[in-house]
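Data from model.tsv: TSV, C-alpha atoms
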```tsv
chain	number	residue	atom	x	y	z
A	1	MET	CA	95.22	74.22	97.10
A	2	SER	CA	94.40	74.80	100.69
A	3	TYR	CA	90.71	75.17	101.36
A	4	PRO	CA	89.10	77.54	102.18
A	5	GLN	CA	91.08	80.15	100.30
A	6	PRO	CA	92.71	82.59	102.76
A	7	ASP	CA	90.82	85.92	102.79
A	8	THR	CA	93.26	88.77	102.31
A	9	SER	CA	90.57	91.33	103.13
A	10	LEU	CA	90.55	90.11	106.74
A	11	TYR	CA	94.29	90.62	107.02
A	12	ALA	CA	94.07	94.14	105.61
A	13	ALA	CA	91.08	95.08	107.77
A	14	SER	CA	92.74	93.81	110.94
A	15	GLY	CA	95.82	95.99	110.50
A	16	ALA	CA	98.29	93.42	109.22
A	17	LYS	CA	101.16	94.84	107.19
A	18	PHE	CA	101.40	91.83	104.89
A	19	PHE	CA	99.65	88.65	103.80
A	20	ARG	CA	101.62	85.42	103.53
A	21	LEU	CA	100.34	82.63	101.32
A	22	ASN	CA	102.23	79.56	102.56
A	23	THR	CA	100.54	76.42	101.29
A	24	GLN	CA	101.28	72.99	99.89
A	25	LEU	CA	100.09	72.48	96.35
A	26	VAL	CA	97.61	69.81	95.35
A	27	SER	CA	98.45	70.31	91.71
A	28	ASP	CA	100.39	72.74	89.56
A	29	GLY	CA	97.03	74.14	88.44
A	30	ASP	CA	96.28	75.70	91.82
A	31	ILE	CA	95.32	79.39	91.51
A	32	TYR	CA	95.00	81.72	94.49
A	33	GLU	CA	93.51	85.20	94.59
A	34	SER	CA	93.85	88.35	96.62
A	35	ALA	CA	91.11	90.96	96.89
A	36	VAL	CA	93.43	93.59	98.36
A	37	GLY	CA	95.96	95.78	96.60
A	38	ALA	CA	99.67	95.47	97.27
A	39	GLU	CA	102.79	97.62	97.37
A	40	ALA	CA	105.15	94.69	96.76
A	41	PHE	CA	105.29	90.94	96.18
A	42	ALA	CA	108.10	88.55	97.08
A	43	ILE	CA	108.77	84.82	97.14
A	44	GLY	CA	108.60	83.67	100.77
A	45	PRO	CA	111.56	82.09	102.56
A	46	ASP	CA	110.09	78.58	102.67
A	47	SER	CA	108.98	78.25	99.07
A	48	ASP	CA	109.78	75.16	97.02
A	49	ILE	CA	108.24	76.81	93.96
A	50	PRO	CA	110.89	79.13	92.54
A	51	LYS	CA	108.69	81.13	90.19
A	52	VAL	CA	105.21	82.50	90.85
A	53	ASN	CA	103.05	84.23	88.29
A	54	LEU	CA	100.93	87.22	89.26
A	55	ALA	CA	98.03	88.60	87.26
A	56	TYR	CA	96.30	91.91	87.89
A	57	PHE	CA	93.75	94.19	86.25
A	58	ASP	CA	95.12	96.44	83.52
A	59	ASP	CA	92.56	98.15	81.29
A	60	GLN	CA	95.16	98.61	78.55
A	61	ALA	CA	96.14	94.93	78.37
A	62	PRO	CA	94.38	92.23	76.31
A	63	ASN	CA	91.40	90.88	78.26
A	64	PHE	CA	92.35	93.55	80.87
A	65	LEU	CA	94.79	91.02	82.35
A	66	GLN	CA	98.46	91.86	82.92
A	67	ASP	CA	100.90	89.32	84.35
A	68	ILE	CA	104.33	89.33	85.90
A	69	THR	CA	106.60	86.61	87.32
A	70	ILE	CA	108.51	86.86	90.57
A	71	THR	CA	111.44	84.72	91.70
A	72	PRO	CA	113.60	84.57	94.82
A	73	GLN	CA	116.11	86.77	93.02
A	74	ARG	CA	113.55	89.19	91.59
A	75	PRO	CA	110.69	90.40	93.80
A	76	PHE	CA	108.32	93.09	92.55
A	77	SER	CA	107.91	96.49	94.16
A	78	GLY	CA	105.11	98.80	93.04
A	79	LEU	CA	101.39	99.41	93.46
A	80	VAL	CA	99.32	96.49	92.20
A	81	ARG	CA	95.60	97.27	92.25
A	82	ALA	CA	93.09	94.60	93.16
A	83	ASN	CA	90.32	96.65	91.47
A	84	ASN	CA	87.37	94.69	92.82
A	85	THR	CA	84.99	96.89	90.83
A	86	GLY	CA	86.55	95.98	87.49
A	87	ARG	CA	85.64	92.96	85.37
A	88	TYR	CA	88.00	90.70	83.46
A	89	ALA	CA	86.96	90.01	79.88
A	90	PRO	CA	85.31	87.92	78.60
A	91	ALA	CA	84.61	85.98	81.80
A	92	GLN	CA	83.26	89.11	83.52
A	93	ARG	CA	84.81	87.96	86.78
A	94	PRO	CA	85.46	90.72	89.34
A	95	GLY	CA	88.95	92.09	89.51
A	96	ARG	CA	91.40	90.28	91.78
A	97	ILE	CA	95.15	89.72	91.98
A	98	LEU	CA	95.76	86.12	90.90
A	99	MET	CA	98.75	84.01	91.95
A	100	TRP	CA	99.76	80.61	90.62
A	101	PRO	CA	102.97	78.54	90.48
A	102	ASP	CA	105.12	78.64	87.37
A	103	ALA	CA	106.38	75.08	87.87
A	104	VAL	CA	105.26	71.64	86.83
A	105	PHE	CA	104.29	69.15	89.50
A	106	ALA	CA	102.86	65.69	88.98
A	107	ALA	CA	101.43	64.24	92.17
A	108	ASP	CA	100.64	61.02	90.27
A	109	PHE	CA	104.21	60.43	89.19
A	110	ASP	CA	104.81	56.73	88.42
A	111	PRO	CA	108.42	55.47	88.73
A	112	SER	CA	107.68	52.02	87.34
A	113	ALA	CA	110.02	52.74	84.42
A	114	ILE	CA	112.97	52.39	86.76
A	115	ALA	CA	111.70	49.70	89.10
A	116	THR	CA	110.05	46.33	89.06
A	117	GLY	CA	107.80	44.55	91.47
A	118	VAL	CA	105.79	46.20	94.17
A	119	ILE	CA	106.47	49.89	94.40
A	120	ARG	CA	105.54	52.49	96.99
A	121	THR	CA	106.06	56.14	96.10
A	122	ASP	CA	105.85	59.10	98.47
A	123	MET	CA	106.03	62.47	96.71
A	124	ILE	CA	106.40	65.34	99.15
A	125	PRO	CA	104.06	68.10	97.86
A	126	PRO	CA	105.83	71.34	97.01
A	127	THR	CA	105.15	74.44	99.07
A	128	MET	CA	104.27	77.77	97.49
A	129	ASP	CA	105.22	80.69	99.71
A	130	VAL	CA	104.35	84.22	98.57
A	131	ILE	CA	104.32	87.39	100.64
A	132	GLN	CA	102.05	90.29	99.67
A	133	TYR	CA	102.90	93.60	101.33
A	134	PHE	CA	100.01	96.01	101.95
A	135	GLY	CA	102.33	98.92	102.62
A	136	ALA	CA	105.78	99.75	101.36
A	137	PRO	CA	108.15	97.15	102.90
A	138	PRO	CA	111.27	98.46	104.64
A	139	ALA	CA	113.46	96.20	102.52
A	140	LEU	CA	112.87	93.35	100.12
A	141	THR	CA	115.30	90.58	100.91
A	142	THR	CA	115.86	87.87	98.35
A	143	GLY	CA	116.56	84.16	98.43
A	144	ARG	CA	115.05	81.05	99.93
A	145	ASN	CA	115.93	79.27	103.14
A	146	ASP	CA	117.77	75.97	102.97
A	147	LYS	CA	115.26	73.17	103.41
A	148	ARG	CA	115.85	70.01	105.43
A	149	TYR	CA	113.81	66.83	105.28
A	150	TYR	CA	114.49	64.49	108.16
A	151	TYR	CA	113.06	61.02	108.66
A	152	GLU	CA	113.64	58.56	111.44
A	153	GLN	CA	111.61	55.81	109.84
A	154	LEU	CA	110.48	55.11	106.34
A	155	PRO	CA	107.50	52.91	105.35
A	156	VAL	CA	109.67	50.17	103.92
A	157	GLY	CA	108.51	46.58	104.08
A	158	GLY	CA	108.54	43.53	101.89
A	159	VAL	CA	110.72	42.89	98.92
A	160	ASN	CA	109.95	45.98	97.01
A	161	SER	CA	111.21	49.32	95.91
A	162	TYR	CA	110.47	52.44	97.89
A	163	PHE	CA	110.64	55.85	96.29
A	164	LEU	CA	110.83	59.16	98.11
A	165	GLY	CA	110.43	62.34	96.03
A	166	ILE	CA	111.70	65.68	97.39
A	167	PRO	CA	110.98	69.05	95.70
A	168	TYR	CA	114.19	70.42	94.19
A	169	TYR	CA	113.05	73.21	91.79
A	170	GLY	CA	115.91	75.54	91.08
A	171	ARG	CA	118.12	74.38	93.96
A	172	LYS	CA	121.84	74.24	93.36
A	173	TYR	CA	122.96	71.86	96.09
A	174	ALA	CA	121.65	68.87	98.02
A	175	SER	CA	123.17	66.81	100.76
A	176	ILE	CA	121.88	63.34	101.55
A	177	VAL	CA	122.85	61.49	104.70
A	178	LEU	CA	121.55	57.98	105.35
A	179	LEU	CA	121.74	55.53	108.20
A	180	ASN	CA	120.26	52.11	107.56
A	181	GLY	CA	118.77	50.65	110.71
A	182	THR	CA	116.72	47.92	109.04
A	183	VAL	CA	119.49	45.35	109.44
A	184	THR	CA	118.80	44.43	105.84
A	185	THR	CA	120.96	45.23	102.87
A	186	CYS	CA	119.53	47.54	100.25
A	187	ASN	CA	120.62	49.38	97.16
A	188	ILE	CA	120.17	53.12	97.19
A	189	ASP	CA	119.99	55.09	93.97
A	190	LEU	CA	119.35	58.74	93.31
A	191	TYR	CA	117.56	60.30	90.33
A	192	GLY	CA	116.61	63.75	89.13
A	193	VAL	CA	113.05	64.03	87.79
A	194	THR	CA	111.82	66.61	85.29
A	195	PHE	CA	108.06	66.48	84.81
A	196	PRO	CA	106.53	66.87	81.36
A	197	MET	CA	104.66	70.01	80.37
A	198	ASN	CA	101.80	68.03	78.82
A	199	ARG	CA	99.95	65.35	80.75
A	200	PRO	CA	98.95	62.65	80.20
A	201	GLY	CA	101.19	61.33	77.56
A	202	GLY	CA	104.13	63.61	78.18
A	203	LEU	CA	107.56	62.16	78.77
A	204	THR	CA	108.97	62.42	82.25
A	205	LEU	CA	112.73	62.77	82.25
A	206	ILE	CA	114.36	60.65	84.92
A	207	SER	CA	118.10	61.28	85.12
A	208	PRO	CA	120.26	58.95	87.16
A	209	LEU	CA	122.43	60.84	89.58
A	210	GLY	CA	124.41	57.89	90.78
A	211	THR	CA	124.20	54.99	93.14
A	212	ILE	CA	124.59	56.07	96.71
A	213	ALA	CA	125.25	52.64	98.10
A	214	THR	CA	125.07	48.99	97.16
A	215	ALA	CA	124.32	46.31	99.69
A	216	PHE	CA	124.07	49.20	102.08
A	217	LEU	CA	124.11	48.33	105.75
A	218	SER	CA	125.31	51.28	107.71
A	219	ALA	CA	125.86	54.93	106.93
A	220	SER	CA	126.55	56.83	103.76
A	221	THR	CA	126.39	60.34	102.34
A	222	LYS	CA	125.86	61.86	98.96
A	223	THR	CA	125.99	65.44	97.70
A	224	ILE	CA	124.41	66.91	94.60
A	225	SER	CA	125.91	70.06	93.15
A	226	GLU	CA	124.87	72.52	90.45
A	227	THR	CA	126.93	70.70	87.82
A	228	ASP	CA	124.65	67.71	88.17
A	229	GLY	CA	121.80	69.68	86.64
A	230	GLN	CA	118.59	71.23	87.90
A	231	PHE	CA	115.52	69.10	88.30
A	232	ASP	CA	111.98	69.46	89.52
A	233	TYR	CA	112.35	66.65	92.04
A	234	LEU	CA	115.04	64.51	93.62
A	235	LEU	CA	114.00	60.88	93.72
A	236	LEU	CA	115.56	58.47	96.18
A	237	LYS	CA	115.10	54.76	95.50
A	238	LEU	CA	115.54	52.09	98.15
A	239	GLY	CA	115.62	48.53	96.87
A	240	PHE	CA	115.64	45.66	99.35
A	241	THR	CA	116.72	42.18	98.33
A	242	THR	CA	114.98	40.65	101.32
A	243	ALA	CA	112.02	42.00	103.19
A	244	PRO	CA	113.13	44.19	106.08
A	245	THR	CA	111.42	43.59	109.40
A	246	VAL	CA	112.60	46.86	110.96
A	247	THR	CA	111.63	50.20	109.45
A	248	THR	CA	114.27	52.33	111.13
A	249	PHE	CA	115.95	54.34	108.44
A	250	ASN	CA	117.47	57.69	109.28
A	251	LEU	CA	117.45	60.00	106.33
A	252	ALA	CA	118.38	63.67	106.18
A	253	ILE	CA	118.16	65.57	102.90
A	254	THR	CA	119.18	69.22	102.79
A	255	THR	CA	118.56	71.33	99.70
A	256	SER	CA	120.04	74.76	99.22
A	257	ASP	CA	120.14	77.65	96.75
A	258	LYS	CA	123.78	78.17	97.54
A	259	GLY	CA	126.04	76.29	95.12
B	260	MET	CA	74.70	180.39	120.56
B	261	SER	CA	77.59	178.74	122.27
B	262	GLY	CA	80.99	178.37	120.74
B	263	ASN	CA	80.37	174.74	119.77
B	264	LYS	CA	81.18	174.83	116.12
B	265	THR	CA	79.95	171.34	115.39
B	266	GLY	CA	76.48	171.97	116.71
B	267	PHE	CA	76.64	168.83	118.77
B	268	MET	CA	74.78	169.17	122.02
B	269	GLY	CA	76.50	167.43	124.88
B	270	LYS	CA	79.93	166.29	125.81
B	271	VAL	CA	82.06	164.59	123.26
B	272	GLY	CA	83.19	161.19	124.32
B	273	SER	CA	80.51	160.37	126.80
B	274	ALA	CA	77.45	159.27	124.86
B	275	ARG	CA	76.79	155.76	123.70
B	276	SER	CA	75.27	154.93	120.37
B	277	ALA	CA	71.98	153.17	119.95
B	278	LEU	CA	73.87	150.16	118.60
B	279	GLY	CA	75.37	149.49	121.99
B	280	GLY	CA	78.82	150.58	120.94
B	281	LYS	CA	80.82	153.38	122.33
B	282	ALA	CA	80.33	156.63	120.48
B	283	GLY	CA	83.28	158.84	120.45
B	284	MET	CA	85.82	160.83	118.55
B	285	THR	CA	88.21	158.84	116.47
B	286	ARG	CA	90.72	160.20	114.01
B	287	LEU	CA	88.10	159.57	111.35
B	288	GLY	CA	85.59	161.77	113.13
B	289	HIS	CA	82.52	160.75	115.04
B	290	ARG	CA	82.18	157.02	114.54
B	291	ALA	CA	80.23	154.37	116.33
B	292	VAL	CA	82.61	151.45	116.72
B	293	PRO	CA	80.65	148.20	116.52
B	294	THR	CA	81.32	145.57	119.11
B	295	PRO	CA	81.52	142.00	117.85
B	296	PRO	CA	78.84	139.79	119.35
B	297	GLU	CA	79.95	137.65	122.24
B	298	ALA	CA	80.75	134.08	121.40
B	299	ALA	CA	77.77	131.85	121.94
B	300	ILE	CA	78.44	128.84	124.10
B	301	ASP	CA	77.85	125.73	121.97
B	302	ALA	CA	75.32	123.61	123.80
B	303	ALA	CA	76.62	120.50	122.05
B	304	GLN	CA	80.04	120.38	123.73
B	305	GLY	CA	80.80	117.10	122.00
B	306	ALA	CA	81.07	118.88	118.67
B	307	ASN	CA	84.33	120.47	119.86
B	308	LYS	CA	86.04	117.18	120.56
B	309	THR	CA	88.97	115.87	118.56
B	310	THR	CA	88.29	112.37	117.29
B	311	ALA	CA	90.63	109.68	116.02
B	312	SER	CA	89.51	106.48	114.33
B	313	THR	CA	90.34	104.06	111.56
B	314	TYR	CA	88.06	103.87	108.56
B	315	ILE	CA	87.93	100.62	106.60
B	316	THR	CA	86.76	101.02	103.02
B	317	ARG	CA	84.11	98.59	101.91
B	318	THR	CA	84.45	95.96	99.27
B	319	PRO	CA	81.73	94.39	97.12
B	320	PRO	CA	80.55	90.89	98.10
B	321	PRO	CA	81.86	87.96	96.01
B	322	GLY	CA	80.42	87.93	92.53
B	323	ALA	CA	79.00	91.43	92.73
B	324	THR	CA	80.27	94.89	91.96
B	325	LEU	CA	79.39	98.24	93.46
B	326	SER	CA	78.01	100.79	91.04
B	327	ASN	CA	79.32	103.59	93.23
B	328	PRO	CA	81.67	102.68	96.08
B	329	THR	CA	81.80	106.32	97.30
B	330	ALA	CA	80.87	106.76	100.97
B	331	LEU	CA	80.51	109.78	103.24
B	332	LEU	CA	83.58	110.03	105.48
B	333	TYR	CA	82.92	113.24	107.43
B	334	SER	CA	80.35	116.03	107.41
B	335	ALA	CA	81.41	119.40	108.81
B	336	ASP	CA	77.83	120.53	109.31
B	337	ARG	CA	78.36	122.23	112.70
B	338	LEU	CA	81.93	123.47	112.73
B	339	TRP	CA	84.94	124.06	110.61
B	340	ALA	CA	87.38	121.18	111.05
B	341	THR	CA	90.80	119.92	110.05
B	342	VAL	CA	90.72	116.32	108.90
B	343	THR	CA	94.00	114.38	108.71
B	344	LEU	CA	93.92	111.21	106.62
B	345	THR	CA	96.66	108.59	106.47
B	346	LEU	CA	96.34	105.56	104.23
B	347	GLU	CA	97.79	102.46	105.90
B	348	THR	CA	97.43	99.97	103.04
B	349	ALA	CA	98.22	100.00	99.35
B	350	GLY	CA	95.06	101.67	98.03
B	351	PRO	CA	94.17	103.33	95.75
B	352	VAL	CA	91.84	105.46	97.88
B	353	ALA	CA	90.36	108.75	96.70
B	354	VAL	CA	88.83	111.53	98.80
B	355	GLY	CA	86.92	114.60	97.70
B	356	GLU	CA	83.82	116.73	98.12
B	357	SER	CA	81.86	114.96	95.38
B	358	ALA	CA	79.32	112.27	96.25
B	359	ASP	CA	80.57	110.19	93.33
B	360	LEU	CA	84.32	109.82	93.08
B	361	THR	CA	84.29	107.09	90.45
B	362	PRO	CA	86.09	106.22	88.28
B	363	LEU	CA	88.64	106.09	91.05
B	364	LEU	CA	91.59	107.30	89.00
B	365	SER	CA	89.64	109.88	86.99
B	366	GLY	CA	90.74	112.84	89.06
B	367	LYS	CA	87.38	113.58	90.64
B	368	GLY	CA	89.03	113.07	94.01
B	369	VAL	CA	92.52	113.22	95.43
B	370	LEU	CA	94.42	109.95	95.84
B	371	LEU	CA	95.96	109.24	99.24
B	372	ASP	CA	99.58	108.13	99.41
B	373	THR	CA	100.38	105.16	101.64
B	374	GLY	CA	101.90	106.31	104.91
B	375	VAL	CA	101.71	110.03	104.04
B	376	PRO	CA	99.27	112.12	106.14
B	377	MET	CA	97.01	114.48	104.21
B	378	LYS	CA	95.47	117.48	106.03
B	379	ILE	CA	92.28	119.03	104.75
B	380	THR	CA	90.54	122.01	106.35
B	381	LEU	CA	86.80	121.73	105.83
B	382	ALA	CA	84.60	124.80	105.90
B	383	ARG	CA	81.32	124.52	107.77
B	384	GLY	CA	78.81	122.72	105.61
B	385	THR	CA	81.40	120.78	103.59
B	386	LYS	CA	81.11	117.02	103.26
B	387	LEU	CA	84.13	114.81	102.67
B	388	TYR	CA	83.65	111.59	100.70
B	389	ILE	CA	85.92	108.58	100.26
B	390	ALA	CA	86.08	105.84	97.64
B	391	ALA	CA	88.18	102.71	97.06
B	392	ASP	CA	87.97	99.56	94.98
B	393	ALA	CA	89.21	97.16	97.68
B	394	VAL	CA	89.53	96.87	101.45
B	395	ASN	CA	91.82	99.56	102.81
B	396	ARG	CA	92.54	101.10	106.21
B	397	VAL	CA	92.56	104.88	106.59
B	398	LYS	CA	93.48	106.73	109.81
B	399	VAL	CA	91.05	109.60	110.35
B	400	ILE	CA	91.75	112.40	112.84
B	401	VAL	CA	89.20	115.21	113.08
B	402	GLU	CA	90.15	118.41	114.89
B	403	PRO	CA	87.29	120.93	115.14
B	404	LEU	CA	88.08	124.62	114.60
B	405	PRO	CA	85.13	126.41	116.29
B	406	TRP	CA	86.79	129.85	116.24
B	407	LEU	CA	87.00	129.86	112.47
B	408	GLU	CA	83.25	130.26	112.12
B	409	GLN	CA	83.32	133.37	114.29
B	410	ILE	CA	86.25	134.80	112.37
B	411	PHE	CA	84.55	133.99	109.09
B	412	ALA	CA	81.30	135.64	110.20
B	413	ALA	CA	83.11	138.75	111.47
B	414	VAL	CA	85.04	139.12	108.26
B	415	LYS	CA	81.83	138.82	106.27
B	416	ARG	CA	80.27	141.64	108.26
B	417	PHE	CA	83.27	143.88	107.80
B	418	VAL	CA	83.37	143.20	104.09
B	419	ALA	CA	79.63	143.73	103.78
```
Would it be possible to restate this file's structure as structure tokens?
Amino acid sequence: MSYPQPDTSLYAASGAKFFRLNTQLVSDGDIYESAVGAEAFAIGPDSDIPKVNLAYFDDQAPNFLQDITITPQRPFSGLVRANNTGRYAPAQRPGRILMWPDAVFAADFDPSAIATGVIRTDMIPPTMDVIQYFGAPPALTTGRNDKRYYYEQLPVGGVNSYFLGIPYYGRKYASIVLLNGTVTTCNIDLYGVTFPMNRPGGLTLISPLGTIATAFLSASTKTISETDGQFDYLLLKLGFTTAPTVTTFNLAITTSDKG
Amino acid sequence: MSGNKTGFMGKVGSARSALGGKAGMTRLGHRAVPTPPEAAIDAAQGANKTTASTYITRTPPPGATLSNPTALLYSADRLWATVTLTLETAGPVAVGESADLTPLLSGKGVLLDTGVPMKITLARGTKLYIAADAVNRVKVIVEPLPWLEQIFAAVKRFVA
């Protein structure tokens, strides 16, 4: 989680109409809090996390804690009290609105099951984007923006495998465009990764999505559609047969909620 | 004896009563019509000013709770006043004349609706309190009504 925790009270006191929590996750156990009540909650436009859980004080619920889940298709509109004077049971912590991602993310993902030799893995952390409205919003729009990851160079070097992980959670379409400027042939494979619920020891599901190119020297494209399945992450593997001396590798990955 | 049947010595309609009013013949007979006292000029001219501000409700520090988050919002100790409150954030925020408005949803006070102005006319001597369980912004506009005290006092005298 981002540190320090953003203070929603400052936003409310300064006259803001909403608070936006837009942060990269360190782990899927990150929990954020808001000390200010809300009239509505919605998933933000730049969120990789498709589902966010909210918990608020309810003196008729077990442990005085009531929860609700919001998605890009289903925001929540209604008064949610922060109730700073209340106490959750049995921890006796003061009342707050709690927000945490309803998705699994493993920053320590190890792809050695599908590669040999020296491996470098770069997992792009997912972004959690939640908007809390202090007053009644004029309209609650739904959906996430398409997201584009663009690289001009990748840290490839030596005879090894390089893995790049992109958050995919709930997306229905991805477009991958590559231009190999390393002047070295490489094999490019694509996988879909589903993280286990229990860690350590849980089984990570790695689904091959096809070879993009073999002995790849120039340009190629690949698209992923809804029929290929939904995964937590897209994993791109670059395997070089000889050590590249140039790291120029243009890569553009676009993910979308539109099928 | 003159022909004055009422026994009143002197001209009707010309004397003044000891109260300072004008004595004369009305359709109810001889009546001294009281004159309302002249309005006293308030030395504190600032008390007649309309004020507009934003009140931010307090929140307990981390790890602590407030036993009673009720605070005094406005005291109409000098003049009658109309207070207009508009909640800008989600709330809940309660207002009322009690110094303890907790529990907040108990009905001891009146809950403000977000974006909806609430007008309250406060009689002289009334205190208005506010309570919330989180940080909230409330627009507060106070419009004094100095003439109401004179009207209220005059009505009391007539009734008495």
Practice task
Could you list, as JSON, numbers by chain, the residues of chain A having an atom within 9 Å of chain B when counting all atoms listed in the file?
Solution key: {"A": [8, 9, 10, 12, 13, 14, 15, 17, 35, 36, 37, 38, 39, 79, 80, 81, 82, 83, 84, 85, 86, 87, 93, 94, 133, 134, 135, 136]}
Practice task
Compile the contact shell of A:Glu226 as a ChimeraX atom specification: residues with an atom at most 7 Å away, counting all atoms listed in the file, same-chain residues fewer than 5 positions apart removed.
Solution key: /A:172-173,259
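Between B:Ala390 and the residues B:Ala340, B:Gly368, B:Lys378, B:Thr329, the shortest atom-to-atom distance, using all atoms listed in the file, involves B:Thr329.
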Problem - Non-local contacts of A:Asp7 (9 Å; all atoms listed in the file; under 4 positions in same chain excluded) as a count of residues only - result: 4
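The spacing separating atom CA of A:Thr242 from atom CA of A:Ile188 amounts to 14.1 Å.
Of note, atom CA of A:Thr127 and atom CA of A:Pro208 are spaced 24.7 Å apart.
Atom pair atom CA of A:Phe109 / atom CA of A:Arg199: separated by 10.7 Å.
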Exercise for the section: Write out as a PyMOL selection string which residues come within 9 Å of A:Ile224 when counting only C-alpha atoms, dropping same-chain ones fewer than 3 positions away. Expected result: chain A and resi 172-176+209+227-229+255
Practice task
List the neighbours of stretch 335-339 of chain B out to 7 Å using all atoms listed in the file; skip same-chain residues closer than 5 positions along the sequence, and give me the result as a PyMOL selection string.
Solution key: chain B and resi 381-386+403-405+407-408
Give me a file of those residues, with C-alpha atoms, as a PDB file, keeping the file's coordinate frame.
```pdb
ATOM      1  CA  LEU B 381      86.800 121.730 105.830  1.00  0.00           C
ATOM      2  CA  ALA B 382      84.600 124.800 105.900  1.00  0.00           C
ATOM      3  CA  ARG B 383      81.320 124.520 107.770  1.00  0.00           C
ATOM      4  CA  GLY B 384      78.810 122.720 105.610  1.00  0.00           C
ATOM      5  CA  THR B 385      81.400 120.780 103.590  1.00  0.00           C
ATOM      6  CA  LYS B 386      81.110 117.020 103.260  1.00  0.00           C
ATOM      7  CA  PRO B 403      87.290 120.930 115.140  1.00  0.00           C
ATOM      8  CA  LEU B 404      88.080 124.620 114.600  1.00  0.00           C
ATOM      9  CA  PRO B 405      85.130 126.410 116.290  1.00  0.00           C
ATOM     10  CA  LEU B 407      87.000 129.860 112.470  1.00  0.00           C
ATOM     11  CA  GLU B 408      83.250 130.260 112.120  1.00  0.00           C
TER      12      GLU B 408
END
```
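Comparing B:Val354, B:Phe417, B:Ser365, B:Ser312 by their smallest distance to B:Val399, the closest is B:Ser312 (using only C-alpha atoms).
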Exercise for the section: Would you kindly identify which residues have an atom no farther than 12 Å from (109.4, 41.6, 94.6), using only C-alpha atoms and the file's own coordinates, and write them out as a PyMOL selection string? Expected result: chain A and resi 115-120+157-162+239-243
First collect every listed atom of stretch 369-387 of chain B; then fit an axis-aligned box around them, widen it by 4 Å on each side, and give centre and edge lengths in Å to one decimal, as JSON.
```
{"center_x": 90.4, "center_y": 115.0, "center_z": 101.6, "size_x": 31.1, "size_y": 27.6, "size_z": 20.3}
```
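Of the residues under consideration (B:Trp406, B:Leu360, B:Tyr333, B:Arg416), B:Tyr333 shows the shortest atom-to-atom contact distance to B:Ile379 when counting only C-alpha atoms.
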Problem - Exercise: A:Asn63 partners within 9 Å, all atoms listed in the file, chain neighbours under 4 positions left out, as a PyMOL selection string - result: chain A and resi 57-59+88-90
Exercise for the section: Using only C-alpha atoms, find the one residue out of A:Ser220, A:Ala106, A:Ser112, A:Tyr151 that sits nearest to A:Met197. Expected result: A:Ala106
